[in-house]
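**Q** This is the structure I have questions about; it appears just below.
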Amino acid sequence: MERQYGGRRPLVKLPPLVDTEDVIWHQEPIRHEGFEFCFAGMLDGQKESPDVIVRAFASVCDKDTRLRIIGVDRDEFVGTYPSMADSLGECGESLIFMGRQSHADTIRYVLGCDCYVFVRPSDRRNNAGFPTKFVEGVTCGVPLLATNVSDISSFAGENVTILDPMDEKAYSEAMRQMKKVSVTRRINDTFDFRRYRRDVSRWLEDMINRGRNTDGK
């Protein structure tokens, strides 16, 4: 849309925004032992790809490494991906299905994880919007493995590793490497609304001036 309308009228490019001073980002994280990967999402018409995550995790899981899947329970997962029963067996108790959780508790799990994994297929629907799950993961200040859908690579900082959405081997290797990385966690303000005030103010001024010129006043 930016390419289509750029130069024709005043534009401001805004991703989904948050208030980093909101209490939801300052909750007590849910603690765990060992190294924990986390995925949060629902099986909404295969908008998400947790099957890719599970297959990638199957080659790195051990007694000290877990994958926590929030928003999907085991029966729902198997019903959607019946061919993956063997992968679930390989992971054993290292794979934890949480089912649906409140938004506040989901954020607590993400705040407490060691790496948030975000996988979506690169298709028209996912490229047309901007994923709020990515915004939440970045804001929580934890390392992310993410697929380059929409234009999230424009907002990917040093804690974000961009991968091909369907490359399971790349995810497995990235997970293996992530276990060796130590990151200082802090709330990230990339999507805080305060950072975009100046851009929005300029856009409003341009719109007002354009309106005045059109009206001849």
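To be explicit about the labels: the chains of the structure tokens are called A, B, and onward in the order shown, and within each one the residues are counted from 1, while ligands get numbers from 1 in the order they are shown.
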From region 2-211 of chain A, collect each residue whose DSSP state is strand (DSSP E) and return the set as a list of chain:residue names.

**A**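 Assigned to strand (DSSP E), within region 2-211 of chain A: A:Phe35, A:Glu36, A:Phe37, A:Cys38, A:Phe39, A:Ala40, A:Thr65, A:Arg66, A:Leu67, A:Arg68, A:Ile69, A:Ile70, A:Leu95, A:Ile96, A:Phe97, A:Met98, A:Gly99, A:Cys115, A:Tyr116, A:Val117, A:Phe118, A:Leu144, A:Leu145, A:Ala146, A:Thr147, A:Val160, A:Thr161, A:Ile162, A:Leu163.
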
**Q** So that I can see what lies close to Ser87 (chain A), please list as a short mmCIF file (atom, residue, chain, number, x, y, z; two decimals) with all heavy atoms, in the first residue's frame the residues with an atom at most 8 Å from it, counting only C-alpha atoms and leaving out residues fewer than 2 positions away in the same chain.

**A**
data_model
loop_
_atom_site.label_atom_id
_atom_site.label_comp_id
_atom_site.auth_asym_id
_atom_site.auth_seq_id
_atom_site.Cartn_x
_atom_site.Cartn_y
_atom_site.Cartn_z
N VAL A 54 7.42 -27.77 15.58
CA VAL A 54 7.53 -29.05 16.29
C VAL A 54 8.52 -29.97 15.57
O VAL A 54 9.35 -30.63 16.21
CB VAL A 54 6.15 -29.73 16.42
CG1 VAL A 54 6.29 -31.15 16.95
CG2 VAL A 54 5.25 -28.91 17.34
N ARG A 55 8.45 -30.02 14.25
CA ARG A 55 9.39 -30.88 13.51
C ARG A 55 10.83 -30.40 13.70
O ARG A 55 11.75 -31.21 13.83
CB ARG A 55 9.02 -30.91 12.03
CG ARG A 55 7.93 -31.92 11.70
CD ARG A 55 7.82 -32.15 10.20
NE ARG A 55 7.23 -31.01 9.54
CZ ARG A 55 5.92 -30.92 9.22
NH1 ARG A 55 5.11 -31.91 9.54
NH2 ARG A 55 5.45 -29.86 8.62
N ALA A 58 12.01 -31.32 17.22
CA ALA A 58 12.21 -32.75 17.47
C ALA A 58 13.68 -33.15 17.36
O ALA A 58 14.11 -34.12 18.00
CB ALA A 58 11.37 -33.58 16.49
N MET A 84 1.92 -36.24 12.38
CA MET A 84 3.02 -35.80 13.23
C MET A 84 3.06 -36.53 14.57
O MET A 84 3.78 -36.12 15.48
CB MET A 84 2.94 -34.29 13.47
CG MET A 84 3.19 -33.48 12.21
SD MET A 84 3.56 -31.77 12.60
CE MET A 84 5.03 -31.96 13.60
N ALA A 85 2.31 -37.59 14.70
CA ALA A 85 2.29 -38.33 15.96
C ALA A 85 3.69 -38.80 16.35
O ALA A 85 4.07 -38.78 17.53
CB ALA A 85 1.33 -39.52 15.85
N GLY A 89 6.00 -38.05 19.77
CA GLY A 89 6.59 -39.11 20.58
C GLY A 89 8.07 -38.90 20.81
O GLY A 89 8.60 -39.17 21.89
N GLU A 90 8.77 -38.38 19.80
CA GLU A 90 10.20 -38.12 19.93
C GLU A 90 10.49 -37.05 20.98
O GLU A 90 11.48 -37.12 21.69
CB GLU A 90 10.77 -37.67 18.58
CG GLU A 90 10.78 -38.75 17.51
CD GLU A 90 11.23 -38.20 16.17
OE1 GLU A 90 11.86 -37.12 16.16
OE2 GLU A 90 10.94 -38.83 15.13
N CYS A 91 9.60 -36.10 21.07
CA CYS A 91 9.81 -34.99 22.02
C CYS A 91 9.43 -35.37 23.45
O CYS A 91 10.00 -34.83 24.40
CB CYS A 91 9.00 -33.78 21.58
SG CYS A 91 9.50 -33.08 19.99
#

**Q** Using DSSP on the backbone coordinates, identify all residues within region 22-215 of chain A classified as alpha helix (DSSP H); present the result as a ChimeraX atom specification.

**A** /A:50-57,74-80,85-91,103-112,124-128,132-140,168-178,197-215

**Q** For the atom pair CA of Tyr109 (chain A) and CA of Pro29 (chain A), what is the interatomic distance in Å to one decimal place?

**A**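 Computing it gives 6.2 Å between the two atoms.
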
**Q** Can you pull out the residues contacting region 168-184 of chain A? Cut-off 8 Å, using only C-alpha atoms, and skip same-chain residues under 5 positions away; I want them as a PyMOL selection string.

**A** chain A and resi 35+52-53+55-57+59-60+115+142-143+145+163

**Q** Only N, CA and C atoms, please: the residues just picked out, written as an mmCIF file, in the first residue's frame.

**A**
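Just written: selection.cif:
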data_model
loop_
_atom_site.group_PDB
_atom_site.id
_atom_site.type_symbol
_atom_site.label_atom_id
_atom_site.label_comp_id
_atom_site.auth_asym_id
_atom_site.auth_seq_id
_atom_site.Cartn_x
_atom_site.Cartn_y
_atom_site.Cartn_z
ATOM 1 N N PHE A 35 16.210 -24.748 29.244
ATOM 2 C CA PHE A 35 16.023 -23.781 28.156
ATOM 3 C C PHE A 35 14.647 -23.992 27.551
ATOM 4 N N VAL A 52 5.777 -26.866 11.671
ATOM 5 C CA VAL A 52 7.174 -26.620 11.305
ATOM 6 C C VAL A 52 8.030 -26.504 12.561
ATOM 7 N N ILE A 53 7.494 -25.817 13.565
ATOM 8 C CA ILE A 53 8.234 -25.617 14.815
ATOM 9 C C ILE A 53 8.460 -26.955 15.514
ATOM 10 N N ARG A 55 8.454 -30.021 14.250
ATOM 11 C CA ARG A 55 9.394 -30.877 13.512
ATOM 12 C C ARG A 55 10.829 -30.402 13.696
ATOM 13 N N ALA A 56 11.024 -29.092 13.705
ATOM 14 C CA ALA A 56 12.371 -28.548 13.919
ATOM 15 C C ALA A 56 12.843 -28.842 15.341
ATOM 16 N N PHE A 57 11.939 -28.740 16.293
ATOM 17 C CA PHE A 57 12.287 -28.956 17.695
ATOM 18 C C PHE A 57 12.623 -30.415 17.978
ATOM 19 N N SER A 59 14.469 -32.417 16.597
ATOM 20 C CA SER A 59 15.874 -32.771 16.426
ATOM 21 C C SER A 59 16.790 -32.115 17.466
ATOM 22 N N VAL A 60 16.224 -31.246 18.311
ATOM 23 C CA VAL A 60 17.067 -30.576 19.317
ATOM 24 C C VAL A 60 16.568 -30.798 20.747
ATOM 25 N N CYS A 115 13.440 -18.187 24.233
ATOM 26 C CA CYS A 115 13.377 -17.850 22.809
ATOM 27 C C CYS A 115 11.936 -18.017 22.327
ATOM 28 N N VAL A 142 12.678 -10.750 24.442
ATOM 29 C CA VAL A 142 13.330 -12.066 24.376
ATOM 30 C C VAL A 142 13.819 -12.313 22.952
ATOM 31 N N PRO A 143 14.791 -13.200 22.753
ATOM 32 C CA PRO A 143 15.229 -13.543 21.397
ATOM 33 C C PRO A 143 14.088 -14.156 20.588
ATOM 34 N N LEU A 145 12.954 -16.185 16.838
ATOM 35 C CA LEU A 145 13.148 -16.789 15.524
ATOM 36 C C LEU A 145 11.866 -16.513 14.768
ATOM 37 N N LEU A 163 14.118 -16.162 9.266
ATOM 38 C CA LEU A 163 14.328 -17.436 8.585
ATOM 39 C C LEU A 163 13.250 -17.671 7.532
#

**Q** Nearest to Asn126 (chain A) among A:Glu28, A:Asp44, A:Asp105, A:Asp114, with distances taken over only C-alpha atoms: which residue is it?

**A**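 Closest residue, counting only C-alpha atoms: A:Asp44.
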
**Q** Counting only C-alpha atoms, which residue out of A:His26, A:Arg120, A:Arg66, A:Lys13 sits closest to Tyr196 (chain A)?

**A**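 Comparing A:His26, A:Arg120, A:Arg66, A:Lys13 against Tyr196 (chain A), the winner is A:Lys13.
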
**Q** Ranking A:Asn188, A:Thr106, A:Ser154, A:Ser94 by minimum distance to Asp64 (chain A) and counting only C-alpha atoms, which one comes first?

**A**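 Result for the nearest residue to Asp64 (chain A): A:Ser94.
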
**Q** State, in Å with one decimal place, the distance from CA of Ile96 (chain A) to CA of Ala156 (chain A).

**A**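 Here the two named atoms are 27.5 Å from each other.
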
**Q** Quick one: pull the distance between CA of Leu43 (chain A) and CA of Arg68 (chain A), Å, one decimal.

**A** 15.2 Å

**Q** Restricting the calculation to only C-alpha atoms: of A:Thr190, A:Lys47, A:Met98, A:Pro165, which residue gets closest to Arg125 (chain A)?

**A** A:Lys47

**Q** So that I can check the surroundings of Phe191 (chain A), please list as a list in words every protein, DNA and RNA residue that reaches within 6 Å of it, counting only C-alpha atoms and ignoring chain neighbours fewer than 2 positions away.

**A** Leu17, Val18 and Asp189 of chain A

**Q** For N, CA, C and O atoms, I'd like the residues from the last selection saved as a tab-separated table (two decimals), in the first residue's frame.

**A**
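The resulting file, out-v9.tsv, is reproduced below:
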chain	number	residue	atom	x	y	z
A	17	LEU	N	0.85	-0.87	17.46
A	17	LEU	CA	1.58	-0.17	18.52
A	17	LEU	C	1.14	-0.62	19.90
A	17	LEU	O	0.01	-1.10	20.09
A	18	VAL	N	2.01	-0.46	20.87
A	18	VAL	CA	1.73	-0.83	22.26
A	18	VAL	C	2.16	0.30	23.17
A	18	VAL	O	2.86	1.24	22.77
A	189	ASP	N	11.18	-1.05	23.15
A	189	ASP	CA	10.21	0.00	22.80
A	189	ASP	C	10.07	0.21	21.29
A	189	ASP	O	9.56	1.25	20.86

**Q** Applying 12 Å and only C-alpha atoms, which residues near region 20-23 of chain A remain after dropping the ones on its own chain fewer than 6 positions away? List them as a PyMOL selection string.

**A** chain A and resi 104+107-108+135-136+138-141+186-195

**Q** Export C-alpha atoms of the chosen residues as a PDB file, in the first residue's frame?

**A**
ATOM      1  CA  ALA A 104      -2.019 -11.740  30.378  1.00  0.00           C
ATOM      2  CA  ILE A 107       2.571 -12.626  27.938  1.00  0.00           C
ATOM      3  CA  ARG A 108       3.910 -13.988  31.240  1.00  0.00           C
ATOM      4  CA  VAL A 135       5.030  -7.187  18.119  1.00  0.00           C
ATOM      5  CA  GLU A 136       4.418  -8.859  21.481  1.00  0.00           C
ATOM      6  CA  VAL A 138       9.743  -8.133  20.380  1.00  0.00           C
ATOM      7  CA  THR A 139       8.249  -6.003  23.151  1.00  0.00           C
ATOM      8  CA  CYS A 140       8.898  -8.745  25.712  1.00  0.00           C
ATOM      9  CA  GLY A 141      12.603  -8.369  24.915  1.00  0.00           C
ATOM     10  CA  ARG A 186      14.607  -5.694  28.836  1.00  0.00           C
ATOM     11  CA  ILE A 187      11.308  -4.386  27.533  1.00  0.00           C
ATOM     12  CA  ASN A 188      11.807  -3.278  23.936  1.00  0.00           C
ATOM     13  CA  ASP A 189      10.214   0.000  22.799  1.00  0.00           C
ATOM     14  CA  THR A 190      10.376  -0.624  19.027  1.00  0.00           C
ATOM     15  CA  PHE A 191       6.575  -0.619  18.852  1.00  0.00           C
ATOM     16  CA  ASP A 192       5.874   1.842  21.644  1.00  0.00           C
ATOM     17  CA  PHE A 193       3.419   4.483  20.431  1.00  0.00           C
ATOM     18  CA  ARG A 194       5.591   7.313  21.770  1.00  0.00           C
ATOM     19  CA  ARG A 195       8.205   6.632  19.102  1.00  0.00           C
TER      20      ARG A 195
END
